[in-house]
$ cat structure_11.txt   # compact mmCIF, C-alpha atoms and all ligand atoms
# COMPACT_ATOMS: atom_id res chain seq x y z
CA MET A 1 32.38 6.79 7.74
CA ALA A 2 30.32 8.99 5.39
CA ARG A 3 29.44 12.55 6.45
CA ARG A 4 26.45 14.67 5.54
CA GLN A 5 27.06 16.75 2.41
CA GLY A 6 24.88 19.58 3.63
CA ILE A 7 21.44 20.53 2.35
CA SER A 8 23.00 23.31 0.28
CA ASN A 9 24.73 20.65 -1.83
CA THR A 10 21.73 20.60 -4.12
CA LEU A 11 23.76 19.22 -7.00
CA GLY A 12 23.83 16.18 -4.76
CA GLN A 13 26.53 14.25 -6.64
CA ASP A 14 27.35 12.37 -3.46
CA ALA A 15 24.11 12.91 -1.55
CA LEU A 16 23.28 10.08 0.80
CA ILE A 17 19.62 9.13 0.67
CA LEU A 18 17.96 6.62 2.97
CA GLY A 19 15.04 4.94 1.17
CA ILE A 20 12.21 3.29 3.10
CA GLU A 21 9.62 1.01 1.48
CA THR A 22 6.70 -0.68 3.26
CA SER A 23 3.84 -0.49 0.75
CA CYS A 24 2.99 -4.19 0.75
CA ASP A 25 4.71 -7.24 2.21
CA GLU A 26 8.41 -6.30 2.09
CA THR A 27 9.98 -4.19 4.82
CA ALA A 28 12.89 -2.54 3.05
CA ALA A 29 15.55 0.11 3.64
CA SER A 30 18.50 1.15 1.52
CA VAL A 31 21.19 3.80 1.34
CA VAL A 32 21.96 5.11 -2.14
CA GLN A 33 24.75 7.58 -2.87
CA GLY A 34 24.48 10.12 -5.68
CA GLY A 35 21.33 8.41 -7.02
CA ARG A 36 23.47 5.67 -8.57
CA LYS A 37 25.53 3.78 -6.03
CA ILE A 38 23.69 1.27 -3.83
CA LEU A 39 25.54 1.19 -0.50
CA SER A 40 23.01 -1.19 1.07
CA ASN A 41 19.73 -2.81 0.08
CA VAL A 42 18.02 -4.64 2.94
CA ILE A 43 14.75 -6.45 2.24
CA ALA A 44 12.90 -8.37 4.95
CA SER A 45 10.27 -10.34 3.09
CA GLN A 46 7.06 -11.38 4.82
CA VAL A 47 6.19 -13.76 1.99
CA ASP A 48 6.54 -16.92 4.12
CA LEU A 49 4.03 -15.50 6.60
CA HIS A 50 1.42 -14.48 4.01
CA ARG A 51 1.87 -17.72 2.04
CA LEU A 52 0.00 -19.50 4.85
CA TYR A 53 -3.09 -17.47 3.86
CA GLY A 54 -2.57 -17.62 0.07
CA GLY A 55 -2.03 -13.85 -0.23
CA VAL A 56 -1.16 -10.70 1.68
CA VAL A 57 -3.20 -10.13 4.85
CA PRO A 58 -3.09 -6.34 5.37
CA GLU A 59 -3.36 -6.35 9.17
CA ILE A 60 -0.58 -8.92 9.51
CA ALA A 61 1.58 -6.94 7.06
CA SER A 62 1.23 -3.73 9.12
CA ARG A 63 2.06 -5.47 12.38
CA LYS A 64 5.09 -7.18 10.87
CA HIS A 65 6.34 -3.89 9.39
CA ILE A 66 6.20 -2.35 12.88
CA GLU A 67 8.38 -5.17 14.24
CA LEU A 68 10.85 -5.07 11.38
CA ILE A 69 11.22 -1.45 10.33
CA MET A 70 13.83 -0.27 12.85
CA PRO A 71 16.07 -3.37 12.65
CA VAL A 72 15.89 -3.13 8.84
CA VAL A 73 16.80 0.58 8.83
CA ASP A 74 19.64 -0.06 11.32
CA LEU A 75 21.01 -2.85 9.16
CA ALA A 76 20.81 -0.70 6.01
CA LEU A 77 22.84 2.05 7.71
CA GLN A 78 25.29 -0.46 9.15
CA GLU A 79 25.86 -2.23 5.83
CA ALA A 80 26.30 1.12 4.09
CA ASP A 81 28.70 2.25 6.85
CA VAL A 82 26.75 5.48 7.12
CA GLU A 83 25.83 7.31 10.33
CA LEU A 84 22.32 8.70 10.76
CA GLU A 85 23.71 12.25 10.87
CA ALA A 86 25.34 11.76 7.46
CA LEU A 87 22.00 11.33 5.65
CA ASP A 88 21.09 14.17 3.29
CA ALA A 89 17.44 13.16 2.92
CA ILE A 90 14.97 10.41 3.73
CA ALA A 91 12.86 9.13 0.85
CA VAL A 92 9.78 7.09 1.62
CA THR A 93 6.99 5.41 -0.31
CA TYR A 94 3.68 7.13 0.50
CA GLY A 95 1.50 5.31 -2.04
CA PRO A 96 0.04 3.34 -3.67
CA GLY A 97 -0.23 0.37 -1.35
CA LEU A 98 -1.88 -0.92 1.79
CA VAL A 99 -2.74 2.00 4.05
CA GLY A 100 -1.59 0.44 7.32
CA ALA A 101 1.61 -0.83 5.75
CA LEU A 102 2.40 2.54 4.15
CA LEU A 103 1.81 4.35 7.44
CA VAL A 104 4.53 2.35 9.19
CA GLY A 105 7.22 3.44 6.72
CA LEU A 106 5.87 6.94 6.51
CA SER A 107 5.74 7.50 10.29
CA THR A 108 9.25 6.10 10.65
CA ALA A 109 10.60 8.34 7.89
CA LYS A 110 8.88 11.42 9.32
CA ALA A 111 10.11 10.77 12.85
CA MET A 112 13.67 10.23 11.64
CA ALA A 113 13.66 13.27 9.37
CA LEU A 114 12.26 15.47 12.13
CA ALA A 115 14.76 14.22 14.70
CA LEU A 116 17.69 14.59 12.29
CA ASP A 117 16.53 17.91 10.82
CA CYS A 118 16.80 16.30 7.44
CA PRO A 119 14.52 16.70 4.37
CA LEU A 120 11.66 14.27 3.81
CA VAL A 121 10.88 13.24 0.22
CA GLY A 122 7.71 11.28 -0.50
CA VAL A 123 8.00 8.86 -3.42
CA ASN A 124 5.33 7.25 -5.55
CA HIS A 125 5.98 3.49 -5.45
CA ILE A 126 5.38 3.12 -9.20
CA GLU A 127 7.93 5.85 -9.91
CA GLY A 128 10.32 3.89 -7.70
CA HIS A 129 9.91 0.86 -9.96
CA ILE A 130 10.85 3.00 -12.98
CA TYR A 131 13.99 4.26 -11.21
CA ALA A 132 15.20 0.71 -10.61
CA ASN A 133 16.25 1.00 -14.26
CA VAL A 134 18.12 4.26 -13.61
CA LEU A 135 20.13 2.46 -10.92
CA GLU A 136 21.06 -0.41 -13.19
CA HIS A 137 21.35 1.41 -16.51
CA PRO A 138 22.57 4.91 -15.66
CA THR A 139 23.42 5.79 -19.25
CA VAL A 140 19.93 5.12 -20.63
CA GLU A 141 18.20 8.41 -21.30
CA PRO A 142 14.66 9.35 -22.38
CA PRO A 143 12.75 9.68 -24.61
CA LEU A 144 11.53 6.16 -24.02
CA VAL A 145 8.50 3.98 -23.39
CA CYS A 146 8.25 2.19 -20.04
CA LEU A 147 6.10 -0.77 -19.04
CA THR A 148 5.69 -0.97 -15.26
CA VAL A 149 3.97 -4.18 -14.41
CA SER A 150 3.49 -5.47 -10.94
CA GLY A 151 1.12 -7.08 -8.45
CA GLY A 152 -0.90 -3.90 -8.06
CA HIS A 153 -0.37 -1.94 -11.28
CA THR A 154 0.13 -2.24 -15.01
CA ASP A 155 1.08 1.10 -16.56
CA LEU A 156 2.40 1.90 -20.02
CA LEU A 157 4.16 5.28 -20.10
CA TYR A 158 5.89 7.64 -22.45
CA ILE A 159 8.76 9.40 -20.69
CA ASP A 160 10.26 12.48 -22.30
CA THR A 161 12.20 13.50 -19.17
CA TYR A 162 12.54 11.44 -15.99
CA GLY A 163 9.97 12.67 -13.50
CA ASP A 164 7.47 13.63 -16.21
CA TYR A 165 5.14 10.82 -17.23
CA GLU A 166 2.57 10.57 -19.98
CA ILE A 167 0.24 7.69 -19.22
CA LEU A 168 -0.47 5.87 -22.48
CA GLY A 169 -2.45 3.05 -20.96
CA ARG A 170 -3.08 1.16 -17.76
CA THR A 171 -5.10 -1.82 -16.71
CA ARG A 172 -8.86 -1.36 -16.64
CA ASP A 173 -9.27 -4.11 -14.04
CA ASP A 174 -6.69 -6.55 -12.62
CA ALA A 175 -2.95 -5.93 -12.75
CA ALA A 176 -0.93 -8.55 -14.63
CA GLY A 177 0.74 -9.76 -11.42
CA GLU A 178 -2.67 -10.03 -9.78
CA ALA A 179 -3.83 -12.30 -12.64
CA PHE A 180 -0.78 -14.52 -12.14
CA ASP A 181 -1.37 -14.64 -8.37
CA LYS A 182 -5.14 -15.29 -8.48
CA ILE A 183 -4.97 -18.03 -11.08
CA ALA A 184 -2.02 -19.64 -9.29
CA ARG A 185 -4.14 -19.77 -6.15
CA VAL A 186 -6.92 -21.66 -7.96
CA LEU A 187 -4.27 -24.08 -9.21
CA GLY A 188 -3.18 -24.64 -5.60
CA LEU A 189 0.21 -23.00 -6.12
CA ASP A 190 2.08 -21.01 -3.50
CA TYR A 191 1.90 -17.22 -3.11
CA PRO A 192 3.25 -15.23 -4.91
CA GLY A 193 1.94 -17.03 -7.97
CA GLY A 194 3.96 -15.27 -10.69
CA PRO A 195 7.27 -17.04 -10.03
CA GLU A 196 5.42 -20.36 -9.51
CA ILE A 197 3.58 -20.08 -12.84
CA ALA A 198 6.85 -19.09 -14.56
CA ARG A 199 8.63 -22.13 -13.07
CA LEU A 200 5.87 -24.54 -14.17
CA ALA A 201 5.58 -22.92 -17.60
CA THR A 202 9.07 -24.03 -18.57
CA GLY A 203 7.75 -27.60 -18.82
CA GLY A 204 4.47 -26.75 -20.58
CA ASN A 205 3.15 -25.99 -24.05
CA PRO A 206 2.23 -22.28 -24.44
CA GLU A 207 -0.15 -23.14 -27.30
CA ALA A 208 -2.03 -25.90 -25.44
CA ILE A 209 -4.92 -23.63 -24.37
CA ASP A 210 -6.07 -20.59 -26.31
CA PHE A 211 -6.69 -18.18 -23.43
CA PRO A 212 -8.13 -14.74 -24.29
CA ARG A 213 -5.79 -11.81 -24.87
CA GLY A 214 -7.76 -8.86 -23.44
CA LEU A 215 -7.94 -5.69 -25.59
CA MET A 216 -5.16 -7.09 -27.83
CA GLN A 217 -6.79 -5.89 -31.05
CA ALA A 218 -8.49 -2.83 -29.54
CA ASP A 219 -7.36 0.66 -30.48
CA THR A 220 -6.06 1.46 -27.00
CA TYR A 221 -2.92 1.03 -24.93
CA ASP A 222 -5.07 0.00 -21.95
CA PHE A 223 -4.92 -3.56 -20.66
CA SER A 224 -7.54 -5.93 -19.27
CA PHE A 225 -6.76 -9.18 -17.48
CA SER A 226 -10.07 -9.97 -15.75
CA GLY A 227 -11.43 -11.89 -18.78
CA LEU A 228 -8.30 -14.02 -18.82
CA LYS A 229 -8.63 -14.66 -15.10
CA THR A 230 -12.27 -15.77 -15.47
CA ALA A 231 -11.46 -17.95 -18.51
CA ALA A 232 -8.57 -19.66 -16.72
CA ILE A 233 -10.57 -20.25 -13.53
CA ASN A 234 -13.53 -21.64 -15.54
CA TYR A 235 -11.16 -23.87 -17.48
CA VAL A 236 -9.72 -25.31 -14.25
CA HIS A 237 -13.18 -25.84 -12.70
CA THR A 238 -14.49 -27.59 -15.82
CA ILE A 239 -11.57 -30.04 -15.90
CA ARG A 240 -11.98 -30.73 -12.17
CA GLN A 241 -15.75 -31.24 -12.50
CA ARG A 242 -15.12 -33.80 -15.22
CA GLY A 243 -12.78 -35.58 -12.85
CA ASP A 244 -9.92 -35.22 -15.32
CA GLU A 245 -6.37 -34.45 -14.32
CA LEU A 246 -5.09 -30.88 -14.75
CA ASN A 247 -2.06 -30.41 -16.91
CA THR A 248 -0.66 -27.58 -14.78
CA PRO A 249 2.49 -26.99 -16.87
CA ASP A 250 0.33 -26.50 -20.00
CA ILE A 251 -2.07 -24.19 -18.13
CA ALA A 252 0.87 -22.20 -16.70
CA ALA A 253 2.60 -21.90 -20.08
CA SER A 254 -0.61 -20.91 -21.91
CA LEU A 255 -1.54 -18.39 -19.23
CA GLN A 256 1.92 -16.86 -19.21
CA ALA A 257 1.88 -16.65 -23.03
CA ALA A 258 -1.49 -14.84 -22.99
CA ILE A 259 -0.18 -12.25 -20.49
CA VAL A 260 3.20 -11.85 -22.15
CA ASP A 261 1.77 -11.51 -25.69
CA VAL A 262 -0.47 -8.62 -24.82
CA LEU A 263 2.12 -6.81 -22.67
CA ALA A 264 4.86 -7.14 -25.29
CA GLN A 265 2.69 -6.28 -28.28
CA LYS A 266 1.19 -3.13 -26.78
CA THR A 267 4.52 -1.92 -25.43
CA VAL A 268 6.30 -2.29 -28.76
CA ALA A 269 3.34 -0.74 -30.61
CA ALA A 270 3.54 2.27 -28.29
CA ALA A 271 7.30 2.64 -28.80
CA LYS A 272 6.76 2.50 -32.55
CA ALA A 273 3.95 5.06 -32.47
CA TYR A 274 6.01 7.44 -30.33
CA GLY A 275 9.12 6.95 -32.46
CA VAL A 276 11.38 5.81 -29.62
CA LYS A 277 14.09 3.18 -29.74
CA THR A 278 14.33 2.55 -26.00
CA ILE A 279 11.96 0.49 -23.86
CA LEU A 280 12.18 0.04 -20.10
CA LEU A 281 10.55 -2.84 -18.27
CA SER A 282 10.04 -2.59 -14.51
CA GLY A 283 8.05 -3.97 -11.58
CA GLY A 284 7.76 -7.46 -10.11
CA VAL A 285 6.38 -9.05 -13.29
CA GLY A 286 9.43 -7.59 -15.05
CA ALA A 287 11.33 -10.47 -13.43
CA ASN A 288 9.47 -12.86 -15.76
CA GLU A 289 11.94 -14.40 -18.23
CA ALA A 290 9.33 -15.07 -20.91
CA LEU A 291 8.25 -11.42 -20.84
CA ARG A 292 11.85 -10.20 -20.97
CA ASN A 293 12.62 -12.49 -23.91
CA GLU A 294 9.46 -11.77 -25.89
CA LEU A 295 9.78 -8.01 -25.42
CA THR A 296 13.46 -8.08 -26.38
CA LYS A 297 12.73 -10.21 -29.47
CA THR A 298 9.73 -8.20 -30.70
CA ALA A 299 11.41 -4.84 -30.07
CA GLY A 300 14.71 -6.07 -31.49
CA CYS A 301 13.03 -6.78 -34.86
CA LEU A 302 12.27 -3.02 -35.05
CA GLY A 303 15.75 -1.95 -33.95
CA MET A 304 14.62 -1.06 -30.42
CA LYS A 305 16.52 -1.90 -27.26
CA VAL A 306 14.91 -3.21 -24.07
CA TYR A 307 16.31 -2.65 -20.58
CA TYR A 308 15.19 -4.19 -17.30
CA PRO A 309 16.63 -4.30 -13.78
CA SER A 310 18.11 -7.38 -12.12
CA LYS A 311 15.43 -9.47 -10.43
CA VAL A 312 16.10 -8.16 -6.92
CA LEU A 313 15.44 -4.61 -8.17
CA CYS A 314 12.33 -5.64 -10.13
CA THR A 315 10.40 -6.72 -7.07
CA ASP A 316 9.80 -4.35 -4.15
CA ASN A 317 12.93 -2.82 -2.63
CA ALA A 318 14.01 0.47 -1.08
CA ALA A 319 17.00 1.21 -3.34
CA MET A 320 14.57 2.20 -6.10
CA ILE A 321 12.76 4.50 -3.64
CA ALA A 322 16.06 6.10 -2.54
CA CYS A 323 17.02 6.60 -6.19
CA ALA A 324 13.69 8.17 -7.19
CA GLY A 325 13.87 10.27 -4.00
CA HIS A 326 17.40 11.40 -4.89
CA TYR A 327 16.27 13.00 -8.15
CA ARG A 328 13.34 14.73 -6.44
CA PHE A 329 15.71 15.90 -3.67
CA ILE A 330 18.24 17.44 -6.07
CA ARG A 331 15.37 19.22 -7.88
CA GLY A 332 14.65 20.85 -4.52
CA GLU A 333 11.43 18.95 -3.84
CA ARG A 334 10.53 18.46 -0.19
CA SER A 335 7.44 16.85 1.32
CA PRO A 336 5.52 18.49 4.15
CA TRP A 337 5.16 16.93 7.62
CA SER A 338 1.49 16.53 6.74
CA LEU A 339 2.39 13.96 4.05
CA ASN A 340 -0.14 11.16 4.40
CA ALA A 341 -0.41 7.63 3.05
CA ALA A 342 -2.13 7.59 -0.35
CA PRO A 343 -3.28 4.00 -0.95
CA GLN A 344 -4.83 4.78 -4.37
CA LEU A 345 -2.04 7.07 -5.61
CA ARG A 346 -1.50 6.92 -9.37
CA LEU A 347 1.45 7.93 -11.45
CA GLY A 348 0.91 11.47 -12.66
CA ASP A 349 -1.06 12.51 -9.54
CA PRO A 350 0.22 15.80 -8.07
CA VAL A 351 3.42 15.35 -6.08
CA ALA A 352 2.94 15.49 -2.31
O1 LIG B 401 6.64 -5.11 -7.65
P1 LIG B 401 6.18 -6.20 -6.75
O2 LIG B 401 7.22 -6.87 -5.89
O3 LIG B 401 5.03 -5.71 -5.80
C1 LIG B 401 4.03 -4.82 -6.23
O4 LIG B 401 4.31 -3.60 -6.32
O5 LIG B 401 2.93 -5.33 -6.52
O6 LIG B 401 5.46 -7.28 -7.69
C2 LIG B 401 4.93 -8.46 -7.16
C3 LIG B 401 4.23 -9.17 -8.30
C4 LIG B 401 3.45 -10.40 -7.82
O7 LIG B 401 2.18 -10.39 -8.44
C5 LIG B 401 4.29 -11.56 -8.33
O8 LIG B 401 3.53 -12.72 -8.62
C6 LIG B 401 4.89 -10.96 -9.58
O9 LIG B 401 5.21 -9.63 -9.25
N1 LIG B 401 6.12 -11.67 -10.01
C7 LIG B 401 6.21 -12.38 -11.15
C8 LIG B 401 7.51 -12.93 -11.19
N2 LIG B 401 8.17 -12.51 -10.05
C9 LIG B 401 7.30 -11.73 -9.35
N3 LIG B 401 5.30 -12.60 -12.11
C10 LIG B 401 5.67 -13.37 -13.15
N4 LIG B 401 6.89 -13.95 -13.25
C11 LIG B 401 7.83 -13.76 -12.30
N5 LIG B 401 9.04 -14.33 -12.41
ZN ZN B 402 5.97 -2.83 -6.34

$ encode --input "structure_11.txt" --output "structure tokens"
Amino acid sequence: MARRQGISNTLGQDALILGIETSCDETAASVVQGGRKILSNVIASQVDLHRLYGGVVPEIASRKHIELIMPVVDLALQEADVELEALDAIAVTYGPGLVGALLVGLSTAKAMALALDCPLVGVNHIEGHIYANVLEHPTVEPPLVCLTVSGGHTDLLYIDTYGDYEILGRTRDDAAGEAFDKIARVLGLDYPGGPEIARLATGGNPEAIDFPRGLMQADTYDFSFSGLKTAAINYVHTIRQRGDELNTPDIAASLQAAIVDVLAQKTVAAAKAYGVKTILLSGGVGANEALRNELTKTAGCLGMKVYYPSKVLCTDNAAMIACAGHYRFIRGERSPWSLNAAPQLRLGDPVA
């Protein structure tokens, strides 16, 4: 049974961090040792529940988190074979995300930290996604360019040192995952739409429909997916109004190609401009095979290497939060008891 290393062990080689993540529709807890070793990674997904409504219903998500959070934390400790008293810190997502959902994880983490007299470390969810790569590829070091692309965010970053982020570009409207999900819904596909579109795309022609590639030629690293969303929805409505049959595999493949093209091209262009040879991909959309392949191929032609986490660490999980929290903890960062949920938190905002 693991024992607490002591708060004075700020080198934290073996520090045991409990991560808690409840920003959207996964209730997750994980114990990570030394920022590298995942001792447990428990994820209770609410996807089946929200699928009935075609997307996440915030009030239902909060209520479900309340039911699940303690059993999930207990299971994470049990699977890790770690006693509560052995924890060196509790890391928790405090934003961005759904306010009610965030508050469940945050209140739990605060109560536990207070009761255990253990440090509390607030973690930005987007930073967590970046650290999923640190867990899986511990030898990869900055400088590098990182694309974090998810249901709620699309950020392109230059990272000189972990923990210090230069935002090169971000979406001006919808996130890439949001575009996948919203168009999938119009096509009558299940939530979440990204994996459904990816599955259908394997049987379709990516050149069948010439969907717009937002800001592709513009002199910016920002992204825009709302034009693509409108074009795809109009396309579907027009076909339906004509009474014709939809070729969903072709639509899925063409849509995926439009999203992948712009993500891969801008990411590689940024890496080239910043003179780096390493690219990280993270976030739920990072699970997309076409994106992984296109990015690897395009970057490979320029001698760059692309890294991404396994699929379970791409989508929301608490191991990435524990890992990001570990590095903040060993730098001596602590969050105050007044730490509040920050639904609109962005990467680069002052640390709480
Ligand atoms: O990181 P994540 O689990 O939650 C957020 O922080 O938003 O990402 C969820 C998003 C959803 O939009 C989902 O459709 C998308 O990631 N996604 C995918 C794939 N797997 C998940 N999108 C495209 N292809 C996939 N294979
Ligand atoms: Zn996420």

$ residues_around --input "structure_11.txt" --residues "Lys229 (chain A)" --least-positions-apart "2" --cutoff "8 Å" --atoms "only C-alpha atoms" --output "list in words"
Ala179, Lys182, Ile183, Phe225, Ser226, Gly227, Ala231, Ala232 and Ile233 of chain A

$ atom_distance --input "structure_11.txt" --atom1 "CA of Ala198 (chain A)" --atom2 "CA of Ser310 (chain A)"
16.4 Å

$ closest_atom_pairs --input "structure_11.txt" --of "chain A" --to "ligand LIG 401 (chain B)" --cutoff "9 Å" --atoms "all atoms listed in the file" --output "tab-separated table"
residue	atom	partner	partner_atom	distance
A:Ser23	CA	B:LIG401	O4	7.7
A:Cys24	CA	B:LIG401	O3	7.0
A:Asp25	CA	B:LIG401	O3	8.2
A:Glu26	CA	B:LIG401	O2	8.1
A:Pro96	CA	B:LIG401	O4	8.6
A:Gly97	CA	B:LIG401	O4	7.8
A:His125	CA	B:LIG401	O4	7.3
A:Ile126	CA	B:LIG401	O4	7.4
A:His129	CA	B:LIG401	O1	7.2
A:Thr148	CA	B:LIG401	O1	8.7
A:Val149	CA	B:LIG401	O1	7.3
A:Ser150	CA	B:LIG401	O6	4.2
A:Gly151	CA	B:LIG401	O5	3.2
A:Gly152	CA	B:LIG401	O5	4.4
A:His153	CA	B:LIG401	O5	6.7
A:Ala175	CA	B:LIG401	O7	8.0
A:Ala176	CA	B:LIG401	O7	7.2
A:Gly177	CA	B:LIG401	O7	3.4
A:Glu178	CA	B:LIG401	O7	5.0
A:Ala179	CA	B:LIG401	O7	7.6
A:Phe180	CA	B:LIG401	O8	5.8
A:Asp181	CA	B:LIG401	O8	5.3
A:Lys182	CA	B:LIG401	O7	8.8
A:Ala184	CA	B:LIG401	O8	8.9
A:Tyr191	CA	B:LIG401	O8	7.3
A:Pro192	CA	B:LIG401	O8	4.5
A:Gly193	CA	B:LIG401	O8	4.6
A:Gly194	CA	B:LIG401	N3	3.3
A:Pro195	CA	B:LIG401	N5	4.0
A:Glu196	CA	B:LIG401	C11	7.6
A:Ile197	CA	B:LIG401	N4	7.0
A:Ala198	CA	B:LIG401	N4	5.3
A:Arg199	CA	B:LIG401	N5	7.8
A:Gln256	CA	B:LIG401	C10	7.9
A:Ser282	CA	B:LIG401	O1	8.1
A:Gly283	CA	B:LIG401	O1	4.3
A:Gly284	CA	B:LIG401	O6	3.3
A:Val285	CA	B:LIG401	N3	3.9
A:Gly286	CA	B:LIG401	C8	6.9
A:Ala287	CA	B:LIG401	N5	4.6
A:Asn288	CA	B:LIG401	N5	3.7
A:Glu289	CA	B:LIG401	N5	6.5
A:Ala290	CA	B:LIG401	N4	8.1
A:Leu291	CA	B:LIG401	N4	8.1
A:Lys311	CA	B:LIG401	N2	7.9
A:Leu313	CA	B:LIG401	O2	8.8
A:Cys314	CA	B:LIG401	O1	6.2
A:Thr315	CA	B:LIG401	O2	3.4
A:Asp316	CA	B:LIG401	O2	4.0
A:Asn317	CA	B:LIG401	O2	7.7

$ write_last_selection --input "structure_11.txt" --atoms "C-alpha atoms" --output "compact mmCIF listing (two decimals), keeping the file's coordinate frame"
# COMPACT_ATOMS: atom_id res chain seq x y z
CA SER A 23 3.84 -0.49 0.75
CA CYS A 24 2.99 -4.19 0.75
CA ASP A 25 4.71 -7.24 2.21
CA GLU A 26 8.41 -6.30 2.09
CA PRO A 96 0.04 3.34 -3.67
CA GLY A 97 -0.23 0.37 -1.35
CA HIS A 125 5.98 3.49 -5.45
CA ILE A 126 5.38 3.12 -9.20
CA HIS A 129 9.91 0.86 -9.96
CA THR A 148 5.69 -0.97 -15.26
CA VAL A 149 3.97 -4.18 -14.41
CA SER A 150 3.49 -5.47 -10.94
CA GLY A 151 1.12 -7.08 -8.45
CA GLY A 152 -0.90 -3.90 -8.06
CA HIS A 153 -0.37 -1.94 -11.28
CA ALA A 175 -2.95 -5.93 -12.75
CA ALA A 176 -0.93 -8.55 -14.63
CA GLY A 177 0.74 -9.76 -11.42
CA GLU A 178 -2.67 -10.03 -9.78
CA ALA A 179 -3.83 -12.30 -12.64
CA PHE A 180 -0.78 -14.52 -12.14
CA ASP A 181 -1.37 -14.64 -8.37
CA LYS A 182 -5.14 -15.29 -8.48
CA ALA A 184 -2.02 -19.64 -9.29
CA TYR A 191 1.90 -17.22 -3.11
CA PRO A 192 3.25 -15.23 -4.91
CA GLY A 193 1.94 -17.03 -7.97
CA GLY A 194 3.96 -15.27 -10.69
CA PRO A 195 7.27 -17.04 -10.03
CA GLU A 196 5.42 -20.36 -9.51
CA ILE A 197 3.58 -20.08 -12.84
CA ALA A 198 6.85 -19.09 -14.56
CA ARG A 199 8.63 -22.13 -13.07
CA GLN A 256 1.92 -16.86 -19.21
CA SER A 282 10.04 -2.59 -14.51
CA GLY A 283 8.05 -3.97 -11.58
CA GLY A 284 7.76 -7.46 -10.11
CA VAL A 285 6.38 -9.05 -13.29
CA GLY A 286 9.43 -7.59 -15.05
CA ALA A 287 11.33 -10.47 -13.43
CA ASN A 288 9.47 -12.86 -15.76
CA GLU A 289 11.94 -14.40 -18.23
CA ALA A 290 9.33 -15.07 -20.91
CA LEU A 291 8.25 -11.42 -20.84
CA LYS A 311 15.43 -9.47 -10.43
CA LEU A 313 15.44 -4.61 -8.17
CA CYS A 314 12.33 -5.64 -10.13
CA THR A 315 10.40 -6.72 -7.07
CA ASP A 316 9.80 -4.35 -4.15
CA ASN A 317 12.93 -2.82 -2.63

$ atom_distance --input "structure_11.txt" --atom1 "CA of Thr27 (chain A)" --atom2 "CA of Leu75 (chain A)"
11.9 Å

$ axis_aligned_box --input "structure_11.txt" --around "region 177-188 of chain A" --padding-each-side "5 Å" --output "AutoDock Vina command-line options"
--center_x -3.1 --center_y -17.2 --center_z -9.1 --size_x 17.7 --size_y 24.9 --size_z 17.0

$ residues_around --input "structure_11.txt" --residues "Leu116 (chain A)" --least-positions-apart "4" --cutoff "10 Å" --atoms "all atoms listed in the file" --output "PyMOL selection string"
chain A and resi 84-90+110-112

$ write_last_selection --input "structure_11.txt" --atoms "C-alpha atoms" --output "short mmCIF file (atom, residue, chain, number, x, y, z; two decimals), in the frame of the given file"
data_model
loop_
_atom_site.label_atom_id
_atom_site.label_comp_id
_atom_site.auth_asym_id
_atom_site.auth_seq_id
_atom_site.Cartn_x
_atom_site.Cartn_y
_atom_site.Cartn_z
CA LEU A 84 22.32 8.70 10.76
CA GLU A 85 23.71 12.25 10.87
CA ALA A 86 25.34 11.76 7.46
CA LEU A 87 22.00 11.33 5.65
CA ASP A 88 21.09 14.17 3.29
CA ALA A 89 17.44 13.16 2.92
CA ILE A 90 14.97 10.41 3.73
CA LYS A 110 8.88 11.42 9.32
CA ALA A 111 10.11 10.77 12.85
CA MET A 112 13.67 10.23 11.64
#

$ closest_residue --input "structure_11.txt" --among "A:Val104, A:Ala319, A:Cys118, A:Ala264" --to "Asn293 (chain A)" --atoms "all atoms listed in the file"
A:Ala264

$ closest_residue --input "structure_11.txt" --among "A:Val312, A:Leu156, A:Ala109, A:His65" --to "ligand ZN 402 (chain B)" --atoms "only C-alpha atoms and all ligand atoms"
A:Val312

$ residues_around --input "structure_11.txt" --residues "region 164-172 of chain A" --least-positions-apart "3" --cutoff "12 Å" --atoms "all atoms listed in the file" --output "PyMOL selection string"
chain A and resi 126-127+130+142-161+175-179+214-215+219-227+262-263+266-267+269-271+273-274+327-328+346-351

$ closest_residue --input "structure_11.txt" --among "A:Gln13, A:Ser254, A:Thr230, A:Gln78" --to "Ala208 (chain A)" --atoms "all atoms listed in the file"
A:Ser254

$ residues_near_point --input "structure_11.txt" --point "(-0.1, 3.1, 1.9)" --cutoff "10 Å" --atoms "only C-alpha atoms" --output "list in words"
Glu21, Thr22, Ser23, Cys24, Thr93, Tyr94, Gly95, Pro96, Gly97, Leu98, Val99, Gly100, Ala101, Leu102, Leu103, Val104, Gly105, Leu106, His125, Asn340, Ala341, Ala342, Pro343, Gln344 and Leu345 of chain A

$ closest_residue --input "structure_11.txt" --among "A:Leu39, A:Ile259, A:Ala113, A:Ala318" --to "ligand ZN 402 (chain B)" --atoms "all atoms listed in the file"
A:Ala318

$ closest_residue --input "structure_11.txt" --among "A:Thr238, A:Asn41, A:Ser107, A:Asn124" --to "ligand ZN 402 (chain B)" --atoms "all atoms listed in the file"
A:Asn124

$ closest_residue --input "structure_11.txt" --among "A:Val260, A:Met304, A:Ala132, A:Val57" --to "ligand ZN 402 (chain B)" --atoms "only C-alpha atoms and all ligand atoms"
A:Ala132

$ residues_around --input "structure_11.txt" --residues "Phe329 (chain A)" --least-positions-apart "4" --cutoff "8 Å" --atoms "all atoms listed in the file" --output "list in words"
Thr10, Ala89, Val121, Gly325, Glu333 and Arg334 of chain A

$ decode --input "structure_11.txt" --residues "region 300-306 of chain A" --atoms "C-alpha atoms" --output "tab-separated table (two decimals), in the first residue's frame"
chain	number	residue	atom	x	y	z
A	300	GLY	CA	6.87	13.61	-42.25
A	301	CYS	CA	7.59	15.14	-45.68
A	302	LEU	CA	9.32	18.01	-43.83
A	303	GLY	CA	11.22	15.72	-41.45
A	304	MET	CA	8.91	16.47	-38.51
A	305	LYS	CA	7.60	13.88	-36.08
A	306	VAL	CA	4.01	13.74	-34.82
